[in-house]
Structures are given as C-alpha cells and as structure tokens.
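Asks: Pasting start34.cif here (mmCIF, C-alpha atoms and all ligand atoms):
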```
data_start
loop_
_atom_site.label_atom_id
_atom_site.label_comp_id
_atom_site.auth_asym_id
_atom_site.auth_seq_id
_atom_site.Cartn_x
_atom_site.Cartn_y
_atom_site.Cartn_z
CA MET A 295 0.00 0.00 0.00
CA ARG A 296 1.20 3.50 -0.58
CA LEU A 297 0.24 7.07 -0.10
CA ARG A 298 -0.06 9.09 -3.29
CA THR A 299 -1.10 12.41 -1.89
CA LEU A 300 -1.75 13.93 1.48
CA THR A 301 -3.82 17.06 2.00
CA THR A 302 -3.93 18.75 5.38
CA LEU A 303 -5.80 21.78 6.59
CA HIS A 304 -5.32 23.26 10.06
CA TYR A 305 -3.75 20.07 11.36
CA ARG A 306 -1.53 21.09 14.32
CA ASN A 307 1.30 23.28 12.99
CA LEU A 308 1.15 21.96 9.41
CA ALA A 309 0.69 24.65 6.79
CA PRO A 310 -2.30 23.93 4.50
CA SER A 311 -0.74 21.68 1.92
CA ASP A 312 -1.10 19.11 -0.80
CA LEU A 313 1.85 16.77 -0.92
CA ALA A 314 2.56 14.06 -3.47
CA PHE A 315 4.61 11.04 -2.43
CA PRO A 316 6.41 8.59 -4.69
CA ALA A 317 6.97 4.92 -3.90
CA GLY A 318 10.08 3.96 -1.97
CA VAL A 319 11.73 5.78 0.89
CA VAL A 320 10.61 9.37 1.36
CA SER A 321 13.10 11.23 3.52
CA ILE A 322 11.68 14.13 5.52
CA ALA A 323 14.41 16.10 7.24
CA GLY A 324 14.36 19.25 9.27
CA PRO A 325 14.98 20.83 12.66
CA ASN A 326 13.06 20.09 15.85
CA GLY A 327 9.58 21.55 15.97
CA ALA A 328 9.30 21.69 12.17
CA GLY A 329 6.23 19.45 12.12
CA LYS A 330 7.77 16.14 11.03
CA THR A 331 6.08 14.09 13.75
CA ASN A 332 2.82 15.96 13.14
CA LEU A 333 2.95 14.97 9.48
CA LEU A 334 3.40 11.27 10.31
CA GLU A 335 0.69 11.52 12.97
CA SER A 336 -1.77 12.94 10.42
CA VAL A 337 -1.00 10.08 8.00
CA TYR A 338 -1.43 7.50 10.75
CA LEU A 339 -4.72 9.05 11.85
CA VAL A 340 -6.25 9.22 8.40
CA CYS A 341 -5.09 5.71 7.49
CA THR A 342 -5.99 3.90 10.69
CA GLY A 343 -8.44 6.07 12.63
CA LEU A 344 -6.06 5.86 15.57
CA THR A 345 -4.56 8.65 17.63
CA ASP A 346 -3.14 8.81 21.09
CA ALA A 347 -3.77 12.51 21.54
CA ALA A 348 -5.49 12.98 24.91
CA LYS A 349 -7.94 15.43 23.32
CA LEU A 350 -8.93 15.72 19.68
CA GLU A 351 -8.75 19.53 20.02
CA GLN A 352 -4.97 19.22 20.29
CA LEU A 353 -4.89 18.07 16.68
CA VAL A 354 -6.57 21.24 15.45
CA ARG A 355 -4.32 24.20 14.80
CA ARG A 356 -4.45 26.60 17.75
CA GLY A 357 -6.98 29.33 16.98
CA GLU A 358 -8.89 27.25 14.40
CA ARG A 359 -12.09 25.29 14.98
CA GLU A 360 -11.69 22.40 12.57
CA ALA A 361 -8.99 20.38 10.90
CA TYR A 362 -9.07 18.12 7.88
CA VAL A 363 -6.80 15.41 6.48
CA ARG A 364 -7.20 13.59 3.20
CA ALA A 365 -5.11 10.73 1.85
CA ASP A 366 -5.26 9.16 -1.58
CA LEU A 367 -3.96 5.63 -1.30
CA LEU A 368 -2.89 3.14 -3.87
CA ARG A 369 -3.60 -0.46 -2.90
CA ILE A 370 -3.18 -3.70 -4.79
CA ASP A 371 -6.92 -3.73 -5.40
CA GLY A 372 -7.22 -0.11 -6.50
CA GLU A 373 -7.25 3.44 -5.29
CA SER A 374 -8.97 4.75 -2.24
CA ARG A 375 -9.60 8.16 -0.72
CA LEU A 376 -9.68 8.49 3.06
CA GLU A 377 -10.78 11.66 4.81
CA VAL A 378 -11.05 12.75 8.41
CA GLY A 379 -12.57 15.95 9.72
CA LEU A 380 -11.83 16.97 13.29
CA GLY A 381 -13.84 19.38 15.38
CA ARG A 382 -14.48 19.98 19.05
CA GLY A 383 -14.41 16.49 20.60
CA ARG A 384 -15.65 14.83 17.44
CA ARG A 385 -14.31 13.35 14.26
CA ALA A 386 -15.91 12.20 11.04
CA TYR A 387 -14.43 9.77 8.56
CA LYS A 388 -15.13 9.17 4.92
CA VAL A 389 -13.95 6.34 2.71
CA ASP A 390 -14.30 7.09 -1.00
CA GLY A 391 -16.75 9.85 -0.20
CA VAL A 392 -18.99 7.77 2.07
CA ARG A 393 -19.30 8.46 5.80
CA VAL A 394 -18.10 5.56 7.94
CA ARG A 395 -17.81 4.85 11.61
CA THR A 396 -14.18 4.86 12.69
CA ASN A 397 -14.21 1.18 13.48
CA ALA A 398 -15.30 0.32 9.95
CA LEU A 399 -12.27 2.10 8.59
CA LEU A 400 -10.16 -0.75 7.34
CA ARG A 401 -9.18 0.56 3.94
CA GLY A 402 -5.88 1.98 5.03
CA SER A 403 -3.12 0.53 7.03
CA ALA A 404 0.00 2.02 8.50
CA VAL A 405 2.66 1.10 11.02
CA TRP A 406 4.33 3.86 12.98
CA VAL A 407 7.78 3.35 14.48
CA ARG A 408 8.70 6.00 17.03
CA PRO A 409 11.41 6.66 19.61
CA GLU A 410 8.68 6.50 22.31
CA ASP A 411 8.07 2.85 21.43
CA SER A 412 10.52 1.90 24.19
CA ASP A 413 7.73 2.85 26.61
CA LEU A 414 5.86 -0.18 25.30
CA VAL A 415 8.46 -2.31 26.99
CA LEU A 416 9.39 -0.16 29.99
CA GLY A 417 6.04 1.48 30.73
CA SER A 418 2.76 0.43 32.28
CA PRO A 419 0.45 -2.38 31.08
CA GLY A 420 -1.89 0.24 29.58
CA GLY A 421 0.58 0.95 26.79
CA ARG A 422 0.87 -2.73 25.92
CA ARG A 423 -2.91 -3.16 25.95
CA ALA A 424 -3.15 -0.16 23.64
CA PHE A 425 -0.57 -1.79 21.34
CA LEU A 426 -2.61 -5.01 21.14
CA ASP A 427 -5.89 -3.13 20.75
CA ALA A 428 -4.52 -0.92 17.98
CA LEU A 429 -3.10 -3.92 16.15
CA LEU A 430 -6.27 -5.99 16.49
CA SER A 431 -8.46 -3.07 15.48
CA ARG A 432 -6.58 -2.86 12.18
CA MET A 433 -6.87 -6.61 11.65
CA SER A 434 -10.50 -7.09 12.57
CA ALA A 435 -13.42 -4.66 12.29
CA ARG A 436 -15.23 -6.99 14.69
CA TYR A 437 -12.55 -6.46 17.32
CA ALA A 438 -12.72 -2.67 17.00
CA HIS A 439 -16.48 -2.82 17.36
CA GLN A 440 -16.44 -5.17 20.36
CA LEU A 441 -13.76 -3.13 22.09
CA ALA A 442 -15.84 0.05 21.84
CA LEU A 443 -18.86 -1.85 23.13
CA TYR A 444 -16.86 -3.33 26.01
CA GLU A 445 -15.66 0.12 27.04
CA ARG A 446 -19.21 1.43 27.06
CA ASN A 447 -20.48 -1.50 29.11
CA LEU A 448 -17.58 -1.20 31.50
CA ALA A 449 -18.24 2.51 32.07
CA GLN A 450 -21.89 1.76 32.83
CA ARG A 451 -20.97 -1.09 35.15
CA ASN A 452 -18.50 1.12 37.00
CA ALA A 453 -21.15 3.82 37.34
CA ALA A 454 -23.49 1.21 38.85
CA LEU A 455 -20.73 0.15 41.27
CA ARG A 456 -20.36 3.74 42.41
CA ALA A 457 -24.08 4.55 42.64
CA GLU A 458 -25.50 5.40 46.08
CA GLU A 459 -28.03 2.62 46.00
CA ARG A 460 -26.86 -0.87 45.26
CA HIS A 461 -27.93 -2.07 41.85
CA ASP A 462 -28.34 -5.61 40.74
CA LEU A 463 -25.24 -6.05 38.60
CA GLY A 464 -26.40 -9.20 36.84
CA VAL A 465 -27.13 -7.53 33.53
CA TRP A 466 -23.80 -5.66 33.49
CA ASP A 467 -21.91 -8.78 34.49
CA ALA A 468 -23.42 -10.64 31.56
CA GLY A 469 -22.59 -7.87 29.07
CA VAL A 470 -19.06 -7.21 30.28
CA SER A 471 -18.18 -10.90 30.56
CA SER A 472 -19.55 -11.99 27.20
CA ILE A 473 -17.95 -9.14 25.22
CA GLY A 474 -14.82 -9.29 27.37
CA SER A 475 -14.44 -13.01 26.70
CA GLU A 476 -14.48 -12.44 22.97
CA ILE A 477 -11.83 -9.72 23.32
CA MET A 478 -9.69 -12.08 25.39
CA ALA A 479 -10.01 -14.85 22.82
CA LEU A 480 -8.96 -12.54 19.96
CA ARG A 481 -6.04 -11.19 21.99
CA ARG A 482 -4.90 -14.75 22.73
CA ARG A 483 -4.90 -15.55 19.04
CA VAL A 484 -3.01 -12.45 17.97
CA SER A 485 -0.40 -12.68 20.72
CA ALA A 486 0.29 -16.31 19.82
CA ARG A 487 1.00 -15.17 16.25
CA LEU A 488 2.94 -12.12 17.39
CA GLU A 489 5.45 -13.99 19.54
CA PRO A 490 7.30 -16.02 16.87
CA LEU A 491 7.46 -12.98 14.55
CA ALA A 492 8.83 -10.76 17.32
CA ARG A 493 11.36 -13.42 18.32
CA GLU A 494 12.56 -13.71 14.74
CA ALA A 495 12.93 -9.93 14.39
CA HIS A 496 14.69 -9.77 17.75
CA VAL A 497 17.31 -12.24 16.53
CA ALA A 498 17.68 -10.31 13.26
CA LEU A 499 18.31 -7.20 15.38
CA GLY A 500 21.17 -8.98 17.13
CA GLY A 501 19.24 -9.74 20.33
CA HIS A 502 20.94 -12.73 21.96
CA LYS A 503 18.54 -13.26 24.84
CA ASP A 504 15.39 -15.33 24.70
CA LEU A 505 12.43 -13.01 24.05
CA ARG A 506 9.02 -14.18 25.26
CA LEU A 507 5.61 -12.57 25.06
CA SER A 508 2.67 -13.82 27.07
CA LEU A 509 -0.74 -12.55 28.01
CA VAL A 510 -1.27 -12.08 31.72
CA GLU A 511 -4.99 -12.36 32.26
CA THR A 512 -6.98 -11.33 35.31
CA THR A 513 -9.71 -13.83 34.48
CA THR A 514 -10.56 -16.38 31.79
CA PRO A 515 -13.36 -16.45 29.24
CA GLU A 516 -14.78 -19.51 31.00
CA SER A 517 -14.76 -18.12 34.54
CA PHE A 518 -15.37 -14.40 33.91
CA VAL A 519 -18.92 -14.28 35.34
CA GLN A 520 -18.07 -16.30 38.45
CA ASP A 521 -14.87 -14.30 39.00
CA LEU A 522 -16.87 -11.06 38.88
CA ALA A 523 -19.30 -12.41 41.48
CA ALA A 524 -16.41 -13.48 43.70
CA ARG A 525 -14.91 -9.95 43.71
CA ARG A 526 -18.21 -8.16 44.43
CA SER A 527 -17.32 -6.55 47.76
CA GLU A 528 -13.89 -5.44 46.56
CA GLU A 529 -15.52 -3.89 43.50
CA PHE A 530 -18.06 -1.95 45.53
CA ALA A 531 -15.28 -0.75 47.82
CA ARG A 532 -13.16 0.44 44.88
CA GLY A 533 -16.05 1.55 42.70
CA SER A 534 -14.57 -0.16 39.64
CA THR A 535 -14.39 -3.43 37.77
CA VAL A 536 -11.17 -5.06 38.95
CA ILE A 537 -10.86 -7.93 36.46
CA GLY A 538 -11.22 -8.21 32.70
CA PRO A 539 -9.26 -7.46 29.53
CA HIS A 540 -9.00 -3.79 30.58
CA ARG A 541 -6.69 -5.00 33.39
CA ASP A 542 -4.71 -7.60 31.47
CA ASP A 543 -1.12 -7.24 30.29
CA LEU A 544 1.15 -8.50 27.57
CA ALA A 545 4.15 -9.63 29.58
CA ILE A 546 7.53 -9.30 27.87
CA SER A 547 10.60 -11.09 29.16
CA LEU A 548 14.24 -11.62 28.18
CA ASP A 549 15.83 -14.85 29.42
CA GLY A 550 12.91 -15.16 31.84
CA LEU A 551 13.29 -11.71 33.42
CA PRO A 552 10.40 -9.26 33.05
CA SER A 553 11.61 -6.53 30.69
CA GLY A 554 9.82 -3.71 32.45
CA ASP A 555 11.99 -4.27 35.54
CA TYR A 556 15.20 -5.63 34.08
CA ALA A 557 15.74 -4.63 30.44
CA SER A 558 18.31 -1.93 29.69
CA ARG A 559 17.19 1.01 27.57
CA GLY A 560 18.99 -0.48 24.58
CA GLU A 561 17.38 -3.87 25.08
CA ALA A 562 13.97 -2.22 25.43
CA ARG A 563 14.52 -0.32 22.20
CA THR A 564 15.46 -3.52 20.38
CA ILE A 565 12.38 -5.33 21.72
CA ALA A 566 10.16 -2.40 20.72
CA LEU A 567 11.54 -2.52 17.17
CA ALA A 568 10.98 -6.28 17.06
CA LEU A 569 7.36 -5.71 18.12
CA ARG A 570 6.86 -3.15 15.37
CA LYS A 571 8.34 -5.53 12.81
CA ALA A 572 5.97 -8.27 14.01
CA GLU A 573 3.09 -5.81 13.74
CA LEU A 574 4.12 -4.99 10.17
CA ASP A 575 4.29 -8.70 9.31
CA LEU A 576 0.82 -9.43 10.71
CA LEU A 577 -0.74 -6.48 8.89
CA THR A 578 1.03 -7.45 5.68
CA GLU A 579 -0.56 -10.87 5.94
CA ARG A 580 -3.96 -9.41 6.80
CA TYR A 581 -4.04 -6.97 3.87
CA GLY A 582 -2.10 -9.00 1.35
CA GLU A 583 0.45 -6.18 1.02
CA PRO A 584 2.70 -4.23 3.37
CA PRO A 585 1.19 -1.19 5.10
CA VAL A 586 2.67 2.27 4.70
CA LEU A 587 5.62 2.43 7.07
CA LEU A 588 6.11 5.59 9.09
CA VAL A 589 9.47 5.97 10.81
CA ASP A 590 9.82 8.93 13.13
CA ASP A 591 13.25 10.32 13.98
CA TRP A 592 15.39 7.59 12.51
CA ALA A 593 18.62 9.48 13.23
CA ALA A 594 17.81 9.38 16.95
CA GLU A 595 18.61 5.69 16.71
CA LEU A 596 22.32 5.58 17.51
CA ASP A 597 22.91 1.84 17.75
CA PRO A 598 24.38 0.70 14.39
CA SER A 599 22.49 -2.61 14.15
CA ARG A 600 19.14 -1.03 15.00
CA ARG A 601 19.85 1.81 12.58
CA ALA A 602 20.64 -0.63 9.79
CA PHE A 603 17.57 -2.70 10.63
CA LEU A 604 15.32 0.39 10.47
CA LEU A 605 16.69 1.52 7.12
CA ASP A 606 16.52 -2.01 5.68
CA LEU A 607 12.94 -2.26 6.87
CA ALA A 608 12.09 1.09 5.24
CA ARG A 609 13.66 -0.10 1.98
CA SER A 610 11.82 -3.44 2.09
CA VAL A 611 8.28 -2.03 1.92
CA PRO A 612 6.55 -0.36 -1.05
CA GLN A 613 6.67 2.98 0.74
CA ALA A 614 8.14 4.41 3.91
CA LEU A 615 8.01 7.99 5.17
CA VAL A 616 11.11 8.49 7.28
CA THR A 617 11.74 11.64 9.32
CA GLY A 618 14.88 12.82 11.02
CA THR A 619 17.22 15.68 11.65
CA GLU A 620 19.39 14.08 8.94
CA ASP A 621 18.44 12.98 5.43
CA VAL A 622 18.08 9.27 4.71
CA PRO A 623 20.71 8.42 2.08
CA ASN A 624 19.45 7.47 -1.41
CA ALA A 625 15.78 8.20 -0.79
CA SER A 626 13.34 8.40 -3.69
CA LEU A 627 12.30 11.86 -2.52
CA HIS A 628 13.98 14.28 -0.15
CA LEU A 629 11.68 16.73 1.58
CA ARG A 630 12.80 19.58 3.84
CA ALA A 631 10.59 20.37 6.78
CA HIS A 632 10.46 23.95 8.00
CA GLU A 633 7.79 25.55 10.19
CA GLY A 634 5.04 23.15 9.16
CA MET A 635 5.96 23.33 5.47
CA PHE A 636 7.53 20.60 3.34
CA SER A 637 9.35 21.27 0.12
N1 LIG B 1 -2.70 22.26 17.73
C1 LIG B 1 -1.56 22.89 17.40
N2 LIG B 1 -1.60 24.13 16.86
C2 LIG B 1 -0.44 24.76 16.52
N3 LIG B 1 0.78 24.24 16.68
C3 LIG B 1 0.88 23.03 17.23
C4 LIG B 1 -0.27 22.28 17.61
N4 LIG B 1 0.14 21.10 18.12
C5 LIG B 1 1.48 21.12 18.07
N5 LIG B 1 1.93 22.26 17.53
C6 LIG B 1 3.33 22.66 17.30
O1 LIG B 1 3.96 21.67 16.54
C7 LIG B 1 5.36 21.70 16.84
C8 LIG B 1 5.90 20.30 17.02
O2 LIG B 1 5.88 19.68 15.81
P1 LIG B 1 6.52 18.25 15.65
O3 LIG B 1 5.87 17.62 14.50
O4 LIG B 1 6.51 17.51 16.93
O5 LIG B 1 8.02 18.64 15.30
P2 LIG B 1 9.22 17.74 14.85
O6 LIG B 1 9.59 18.22 13.48
O7 LIG B 1 10.30 18.03 15.84
O8 LIG B 1 8.77 16.33 14.87
C9 LIG B 1 5.53 22.45 18.11
O9 LIG B 1 6.19 23.64 17.82
C10 LIG B 1 4.12 22.68 18.58
O10 LIG B 1 4.00 23.92 19.21
MG MG B 2 9.41 14.76 16.08
#
```
Just dump the structure as structure tokens.

Replies:
Amino acid sequence: MRLRTLTTLHYRNLAPSDLAFPAGVVSIAGPNGAGKTNLLESVYLVCTGLTDAAKLEQLVRRGEREAYVRADLLRIDGESRLEVGLGRGRRAYKVDGVRVRTNALLRGSAVWVRPEDSDLVLGSPGGRRAFLDALLSRMSARYAHQLALYERNLAQRNAALRAEERHDLGVWDAGVSSIGSEIMALRRRVSARLEPLAREAHVALGGHKDLRLSLVETTTPESFVQDLAARRSEEFARGSTVIGPHRDDLAISLDGLPSGDYASRGEARTIALALRKAELDLLTERYGEPPVLLVDDWAAELDPSRRAFLLDLARSVPQALVTGTEDVPNASLHLRAHEGMFS
C-alpha cells in the first residue's frame, strides 16, 4: 500500500498543503519543531483512525475550529480516498466519499515506528494493551467494534458500582463478561501469532537473549462471570471493575526476566523494534500487502544494528516515510521540513 497524496488543513502546525509522495523511501528532514512528527501523525490518523492525543482539540491548529486530512492511497486492489474531519471532541471519517464509523475504517493501514516505542516495553500495562488493541483493530473490524462496546459497558458497570443505592449487577456482568471473553479470545490468538514474529525480528536485530511474550490475564473467558461475582465486595469498595481485559497485560521477558523491571534502555529499544516488525508482518498478511511504514526520527537511533535494521525495513516495503534531523541516504524523494511546510 502506498500514499499518493496527502492534504492537510489546520492540522496542528502543518501549513495547508497538498503533498505528493512517490513509492520507496521518502526522507523528511528538518529541525526540531518543524512538524515532522505531526505529518506522520496525520498520516497514521487518516489511514488507521487511531490517535493517542489525549484530546482531539490538540490536533486542530491553535486558533482554528476544525482540521481536515485527506489521503489518496494506492492499494493492490485499486485506489482509495480516506478523509477525516476533526472538530471539538468529534471526528468524522469518509472512505471514498462515504461516511463511515471509525471502526469500519479498514481501507488503510500504516505502522508507525517512534522513539517513544521503548515505553511499550518499559512502561505500564496500559501501553501494551493499547498496542494489542490498535493492532487488532486494524486486523478485525469486529474487534474494534467489540472493544468500543466493552468500554461502554464497562463505564456503565462502573457507574453502577459507584451509585448510592446498590444495583443488581447481573445484567452488566453478563454484558461485560460476554464481550470481554471475545476480546480475550482474539487477543490470545493475535499474541500467539505475534510472539514467533517478534522473536525472529529480535534475533535479526542482534538480540541474543530469549524473548518471550505472554498474556497475563486477570480472568478467563470460561470463569469471567463467576470471578466477577467473587470480587463483588472489593468492586463496591473500589467503585470499579477489577478484572477483565482492561486490566490484562502482555508480559515481555528476556531470558525469563520481566523486561519492564530488568531490560536496559537499549534492550527495550530492540524489543520495541521487534514488536513493530511483528506488527508490520501481521498487517502485511492481513491486507495481502505491506502497510505504509512511518518511521519517526530515525537518526535518533544511535545503535548501528538497530539503525541498519530500520533503514533495511524502510527499503523493504513499497513505501516508507522516514523523518529525522538528517536525510536518509538514497531516498526516492527528499523533503525539507520547516515551520510546518515541506518542500
Ligand atoms: N494544535 C496545534 N496548533 C499549533 N501548533 C501546534 C499544535 N500542536 C502542536 N503544535 C506545534 O507543533 C510543533 C511540534 O511539531 P513536531 O511535529 O513535533 O516537530 P518535529 O519536526 O520536531 O517532529 C511544536 O512547535 C508545537 O508547538
Ligand atoms: Mg518529532
């Protein structure tokens, strides 16, 4: 898959623009604050429907009310136009001119490799859940839909747990456990496929230690309802649902030691890159072609084997947009970033 053109209007600090991208490696170089990350973020948002901005307003240029991003994509099965409009707390997507719900947006696919990816390994379980959820949402429209439904049910159940008068939780237990069980089953399947791919990439990156990924679950699909009933008093005391996929983790270990506690920064960076490569492989299989690869700040990667791996990866896919304070050698297009403009 590749991006042919990108149009942005009032997206963060990006100047209104229409950019055309060739196949191959597109090098986007410029100083800090130029808008390189914002450009990749806008591509990722319009292609996948995903953003980790705390508030959608942050994506709209300060002083403006609305932002717009449009991408024309070339896929093996034809061309496609994706659009997203952002306003106060809301967003609207179109695929080939037709309004869609975000979770039906499966026409575009992108993988974003960022320096912050190390947090996946070193940070809290929430980041790893978000990684799995984002991956599964791009692989299965059903997953994206069930996840949104689960979150709604969970919020209602938590509200009932906090209510002054005690509600009968039976109906919420049934909803949360049945949807939650499906989410758990899909996560089990994807993490089982993720592990061998991540291990392979880890070896290719020169990682000598034994990398393992495993889901740590707070309940099981079979026992979810009973487990909820067993934790009743604790839940009322805390005012929240204490078990379920929203509390699970994807444990990562090297030679049996949990990476969050024991991995060095370099090891964490290598694992994070291996996870991104595994993500790229799974999406390639799902879509029948590699996604657009977005690599943010490649020159920040100082380790020679990781640097080589990143550049090889960028050169192995139909298209990669690669940003940095330095140019990528031998790119098919060299863009200069300066104050939200690219030329
Ligand atoms: N909503 C917004 N409106 C205007 N400017 C913004 C907005 N969000 C971020 N910026 C600006 O974008 C710049 C950061 O751009 P970024 O893409 O991270 O730069 P870099 O080229 O270093 O990756 C900062 O100067 C920030 O002030
Ligand atoms: Mg940046």

Asks: Select, counting only C-alpha atoms, all protein, DNA and RNA residues no farther than 8 Å from (-7.2, 9.2, 8.1) in file coordinates, and express the selection as a list in words.

Replies: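 Every polymer residue passing the test: Ser336, Val337, Tyr338, Leu339, Val340, Cys341, Thr342, Gly343, Val363, Arg364, Ala365, Leu376, Glu377, Val378, Tyr387 and Gly402 of chain A.
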
Asks: Restricted to C-alpha atoms, what would the selected residues look like written as an mmCIF file, in the frame of the given file?

Replies:
```
data_model
loop_
_atom_site.group_PDB
_atom_site.id
_atom_site.type_symbol
_atom_site.label_atom_id
_atom_site.label_comp_id
_atom_site.auth_asym_id
_atom_site.auth_seq_id
_atom_site.Cartn_x
_atom_site.Cartn_y
_atom_site.Cartn_z
ATOM 1 C CA SER A 336 -1.770 12.940 10.420
ATOM 2 C CA VAL A 337 -1.000 10.080 8.000
ATOM 3 C CA TYR A 338 -1.430 7.500 10.750
ATOM 4 C CA LEU A 339 -4.720 9.050 11.850
ATOM 5 C CA VAL A 340 -6.250 9.220 8.400
ATOM 6 C CA CYS A 341 -5.090 5.710 7.490
ATOM 7 C CA THR A 342 -5.990 3.900 10.690
ATOM 8 C CA GLY A 343 -8.440 6.070 12.630
ATOM 9 C CA VAL A 363 -6.800 15.410 6.480
ATOM 10 C CA ARG A 364 -7.200 13.590 3.200
ATOM 11 C CA ALA A 365 -5.110 10.730 1.850
ATOM 12 C CA LEU A 376 -9.680 8.490 3.060
ATOM 13 C CA GLU A 377 -10.780 11.660 4.810
ATOM 14 C CA VAL A 378 -11.050 12.750 8.410
ATOM 15 C CA TYR A 387 -14.430 9.770 8.560
ATOM 16 C CA GLY A 402 -5.880 1.980 5.030
#
```

Asks: Could the residues that lie within 8 Å of ligand MG 2 (chain B), counting all atoms listed in the file, be listed as a PyMOL selection string?

Replies: chain A and resi 326-332+590-591+617-618

Asks: Print the selection's residues with C-alpha atoms to a file, as a JSON list (two decimals), in the coordinates of the input.

Replies:
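Below is the file that was written, selection.json:
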```
[["chain", "number", "residue", "atom", "x", "y", "z"],
["A", 326, "ASN", "CA", 13.06, 20.09, 15.85],
["A", 327, "GLY", "CA", 9.58, 21.55, 15.97],
["A", 328, "ALA", "CA", 9.30, 21.69, 12.17],
["A", 329, "GLY", "CA", 6.23, 19.45, 12.12],
["A", 330, "LYS", "CA", 7.77, 16.14, 11.03],
["A", 331, "THR", "CA", 6.08, 14.09, 13.75],
["A", 332, "ASN", "CA", 2.82, 15.96, 13.14],
["A", 590, "ASP", "CA", 9.82, 8.93, 13.13],
["A", 591, "ASP", "CA", 13.25, 10.32, 13.98],
["A", 617, "THR", "CA", 11.74, 11.64, 9.32],
["A", 618, "GLY", "CA", 14.88, 12.82, 11.02]]
```

Asks: Just want the residues within 10 Å of ligand LIG 1 (chain B), written as an MDAnalysis selection string, counting only C-alpha atoms and all ligand atoms.

Replies: chainID A and resid 304:309 322:336 350:358 361 590:591 617:619 631:634

Asks: Counting all atoms listed in the file, which residues sit no farther than 10 Å from the position (-14.7, -11.8, 19.1) in the file's frame? I'd like them as a list of chain:residue names.

Replies: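 Residues with an atom close enough to that point: A:Ser434, A:Ala435, A:Arg436, A:Tyr437, A:Ala438, A:His439, A:Gln440, A:Leu441, A:Ser472, A:Ile473, A:Gly474, A:Ser475, A:Glu476, A:Ile477, A:Met478, A:Ala479, A:Leu480, A:Arg481.
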
Asks: Considering only C-alpha atoms, state which residue in the set A:Gly582, A:Pro623, A:Pro612, A:Gly550 is at the smallest distance from Leu297 (chain A).

Replies: A:Pro612

Asks: What is the distance between CA of Arg493 (chain A) and CA of Glu511 (chain A), in Å to one decimal?

Replies: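 Calculated distance between CA of Arg493 (chain A) and CA of Glu511 (chain A) is 21.5 Å.
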